[in-house]
Amino acid sequence: MIRAFLTLCLVLFGLPLWAQSEPDYEAWESVAARAEMAVSNARASDSAFEVLRAEIEVFRAEFLDAQGINTARLVTLREQLAALGPVPAEGESEADGVAARRDLLNAQIEEAAAPGIRAVEAFTRADGIIGEIDAILRERRTAALLARGPTGIDPASWASFSSDLGNSFNELSSGVSMAWQNGSAEVALRQNLPLIMVLLVVALLFVLRGRFWLVQLGRRLEADASGAGLRLSGFLVSLGQVIVPMIGLLALSRALLLTGFFFFYGADLVAAIPAFGFTLFLSRWLAGRLFPSLEGVPALLSIPEDKRAGARFTLLCIGAALTIFAVLDAIARQDGYGQASMAALSLPFFAAIGYLLYVAGRILATHAVTIGPEGEPQPSVLDRLVALLSRFAKVIGVAAPLIAAFGYVNAAGAALVPTLQSLAVFAILGLLIGVVRDAFVFLTRGKAAEESLVPVLFAMVMFVAAVPILALVWGATINDLREIWVTIQKGVTVGETTISAKSFGVLIFVFALGFVLTRFVQSALRTSVLPKTQLDIGGQTAVVSGLGYIGVFVAGLLAISAAGIDLSSLAFIAGALGVGIGFGLQNIVSNFISGIILLVERPISEGDWIEVGGNMGFVRDISVRSTRIETFDRTDVIVPNADLISGTVTNYTRGNTVGRVIVPVGVAYGTDTRRVEKILQEIAEAHPMVTLKPPPSVYFKGFGADSMDFEIRAILRDVTWMIVVHTEMNHQIAERFAAEGIEIPFAQRDVWLRNPEALQVAGAPTTSQTPQSPDIIEVSETAHPEFDDTSDPDGEASSS
């Protein structure tokens, strides 16, 4: 079973299960020698180095795969060698058969390991050569980027550009004339005229009217901004604003090529018409999606509506400028313009695009910051990103034209164009995240996307996927990304263990599979098996939780084993980390061990009524670190498990729910105590929650300061009803005592006055002399069955 499971993992992650053939080392030696000579001379062209690098990269991939040759065989041989025991110490001997077998196994191990060792050596050599080639190409690109050439301000540069551009148009005219004169264009027109007409009609229709129709349809769908499904449909329809015109440009390009006029000159330019138009259509589409013209339609950016029209115009101008520049740049590179002509061509476009980029940065600065629940600004990730891009766009928009004016045309282009492309990437990324949110709301039938983790995870995945795209935008090459991937595949070596992307993937996959299986078994036990047993709720929870811990532990061991990670080589590092972590996390570890003890011994269970540390309530959850108690005030108290093990815990419902209630009551002096006892006994026995075995009892507690005190002591079937029973018995006691004429005393305060004549008689005339305040000579509290007034023989009055 385990073998089949590991085999499945190997198949899923591309690990070889069959005997691997060795690479062609003879061919490799020839290629390596040629590459090392080229690297030492460093005089080959960039294209030659690229071809040589691609050839070496194929060999390197073969060497990387060949490092695993005979891996299973080596594991078996080493286990056989370990079974023979340790090598005898010097001066000791071992049996001849064992020694001969040890020598044979060592020889077989050396023979089996030889292909892998040779592959490692060849891989290292290939990797080093590729690194040297990349270094040479990187130095050349850097030198070209920082090279200073003629400036576009110089009039001589403009004269050179005018001459070169005129020559290009003359060559185009000559090529068209030559194609017509030699008859090739005429033949092509006769043969392809119907198809050319159809393609031209399609091109005109799709380019001129297709976008207009799709814009109208998209506006109708997005008019109801409250519907996620309609917004999603509107977005999908809006993609046609780019796709449909692109189809028209493809038809136009194909129609022009079929005419045969561009056979001698301009065929590549005509074929690139769709690529030129893509920039323009993409900028128009982004302008409409980022800054919608319809009021009330939600937008990605919180730009004031009075600035949206200007923002759309700015993006459209940027797209038009880039399109025109791309066309002229393609003509210049095809005809081999000089540096002076390229400087004169680039400067005005860089100045215009830089100004538009600066304006776009100012528009982004008007993005409104998110307001928090308390009415204060609370910038989100989008707000911070927009603010950063705004400042960066303004800086590049000013700096790039200045750099180009001083002759650093390549550096200016390397800063300006990637900045625009990066802004486009972030805009498309934000729009896609919005589409995912709308799709989630639509599929979940109106569930708020802000309350779900799924759209956030998709956004994180999209941001990670955009990193390689941004790297390519800012000058990285496909080879650079491949080198990063090769480094990830090669892995990191710690001791004798190599952790690579493949082994890490196996580790995650096996652990995730084991975790899912554990949760599935837990669910089956909780819902189908344990409810049919004699275990109580607490015992069932303990079994399920214990199985979860064991399952996660076993899944971790299987994952480590399947990934081929040797933990013995990491023992020293793990020990050092364990000591440091042990001091810092000793309380957490203590709570974890206490949680396991709680699940095994079960002094408390979920649903128990307990009191610990002055907190009383019901146990709602027992986790590995803490226990959650719900108090009678409906508040949660989180108690560390260590406190439950080391402290004093009162469990009112451990084992059963039977418990005692005590109801105190006092009666006035002079009341027949036997009669009171009988009445209280009848009240207790009549209550349905009171058990009759053992029967309730009435306890004459004693003679208090104000009353004769009694207590009802009764055993309840469910102690959780204590408050309800106590309240109900008090009601019945009040009703029975009132019917039987038994009085319940209450405290009374008597105030004695020394000179009551000093009190002003009600209605007597007021005199100017202020009466003397009476002196309070005694205050006492007594309990009386009724209110009464008494007179003091010495003329002192008493008032109650």
# chains A, B, ... in the order shown; residues from 1 in each chain; ligands from 1
call {"tool": "select_by_dssp", "arguments": {"residues": "region 320-468 of chain A", "states": "alpha helix (DSSP H)", "output": "PyMOL selection string"}}
result
chain A and resi 320-335+339-365+381-405+409-443+454-468
call {"tool": "residues_around", "arguments": {"residues": "region 194-209 of chain A", "least_positions_apart": "6", "cutoff": "8 Å", "atoms": "only C-alpha atoms", "output": "VMD selection string"}}
result
chain A and resid 244 to 252 254 to 256 258 to 259
call {"tool": "residues_around", "arguments": {"residues": "Ala54 (chain A)", "least_positions_apart": "2", "cutoff": "12 Å", "atoms": "only C-alpha atoms", "output": "list in words"}}
result
Val31, Ala35, Ser47, Ala48, Phe49, Glu50, Val51, Leu52, Ile56, Glu57, Val58, Phe59, Arg60, Ala61, Ala126, Asp127, Ile129, Ile130, Ile133, Asp134, Ile478, Asn479, Arg482 and Glu483 of chain A
call {"tool": "closest_residue", "arguments": {"among": "A:Ala309, A:Ala344, A:Leu357, A:Ile69", "to": "Ala119 (chain A)", "atoms": "only C-alpha atoms"}}
result
A:Ile69
call {"tool": "residues_around", "arguments": {"residues": "Leu692 (chain A)", "least_positions_apart": "6", "cutoff": "10 Å", "atoms": "only C-alpha atoms", "output": "JSON, numbers by chain"}}
result
{"A": [684, 685, 686, 714, 715, 716]}
call {"tool": "residues_around", "arguments": {"residues": "Arg634 (chain A)", "least_positions_apart": "5", "cutoff": "12 Å", "atoms": "only C-alpha atoms", "output": "ChimeraX atom specification"}}
result
/A:616-618,620,628-629
call {"tool": "select_by_dssp", "arguments": {"residues": "region 402-626 of chain A", "states": "strand (DSSP E or B)", "output": "PyMOL selection string"}}
result
chain A and resi 492-494+497-499+609-612+615-622+626
call {"tool": "decode", "arguments": {"residues": "region 76-93 of chain A", "atoms": "N, CA, C and O atoms", "output": "CSV table (one decimal), in the first residue's frame"}}
result
chain,number,residue,atom,x,y,z
A,76,THR,N,19.3,0.8,-1.7
A,76,THR,CA,19.3,-0.7,-1.3
A,76,THR,C,20.7,-1.1,-0.9
A,76,THR,O,20.8,-1.8,0.1
A,77,LEU,N,21.7,-0.7,-1.7
A,77,LEU,CA,23.0,-1.2,-1.4
A,77,LEU,C,23.5,-0.6,0.0
A,77,LEU,O,24.2,-1.3,0.8
A,78,ARG,N,23.2,0.6,0.3
A,78,ARG,CA,23.6,1.2,1.5
A,78,ARG,C,22.9,0.6,2.7
A,78,ARG,O,23.4,0.4,3.8
A,79,GLU,N,21.6,0.2,2.5
A,79,GLU,CA,20.9,-0.5,3.6
A,79,GLU,C,21.5,-1.9,3.8
A,79,GLU,O,21.7,-2.4,5.0
A,80,GLN,N,21.9,-2.6,2.7
A,80,GLN,CA,22.6,-3.8,2.9
A,80,GLN,C,23.9,-3.7,3.6
A,80,GLN,O,24.3,-4.5,4.5
A,81,LEU,N,24.7,-2.6,3.3
A,81,LEU,CA,25.9,-2.4,4.0
A,81,LEU,C,25.7,-2.1,5.5
A,81,LEU,O,26.5,-2.5,6.3
A,82,ALA,N,24.7,-1.3,5.7
A,82,ALA,CA,24.4,-1.0,7.1
A,82,ALA,C,24.0,-2.2,7.9
A,82,ALA,O,24.3,-2.3,9.1
A,83,ALA,N,23.4,-3.2,7.2
A,83,ALA,CA,23.0,-4.4,7.9
A,83,ALA,C,24.2,-5.2,8.4
A,83,ALA,O,24.0,-6.0,9.3
A,84,LEU,N,25.3,-5.0,7.8
A,84,LEU,CA,26.5,-5.8,8.2
A,84,LEU,C,27.1,-5.2,9.5
A,84,LEU,O,28.0,-5.9,10.0
A,85,GLY,N,26.6,-4.1,9.9
A,85,GLY,CA,27.2,-3.6,11.2
A,85,GLY,C,28.3,-2.6,10.9
A,85,GLY,O,28.8,-2.4,9.8
A,86,PRO,N,28.8,-1.9,11.9
A,86,PRO,CA,29.9,-1.0,11.8
A,86,PRO,C,31.2,-1.7,11.4
A,86,PRO,O,31.4,-2.8,11.7
A,87,VAL,N,32.1,-0.9,10.8
A,87,VAL,CA,33.4,-1.4,10.4
A,87,VAL,C,34.2,-1.6,11.7
A,87,VAL,O,34.2,-0.8,12.6
A,88,PRO,N,34.8,-2.8,11.8
A,88,PRO,CA,35.6,-3.1,13.0
A,88,PRO,C,36.7,-2.1,13.2
A,88,PRO,O,37.3,-1.5,12.3
A,89,ALA,N,37.0,-1.8,14.5
A,89,ALA,CA,38.0,-0.8,14.8
A,89,ALA,C,39.4,-1.4,14.4
A,89,ALA,O,39.5,-2.6,14.2
A,90,GLU,N,40.4,-0.6,14.4
A,90,GLU,CA,41.7,-1.0,14.0
A,90,GLU,C,42.2,-2.0,15.1
A,90,GLU,O,42.1,-1.8,16.3
A,91,GLY,N,42.7,-3.1,14.5
A,91,GLY,CA,43.2,-4.2,15.4
A,91,GLY,C,42.2,-5.3,15.6
A,91,GLY,O,42.5,-6.4,16.1
A,92,GLU,N,40.9,-5.0,15.3
A,92,GLU,CA,39.9,-6.0,15.5
A,92,GLU,C,39.6,-6.7,14.1
A,92,GLU,O,39.9,-6.2,13.1
A,93,SER,N,39.1,-7.9,14.2
A,93,SER,CA,38.8,-8.7,13.0
A,93,SER,C,37.4,-9.0,12.9
A,93,SER,O,36.7,-9.0,13.9
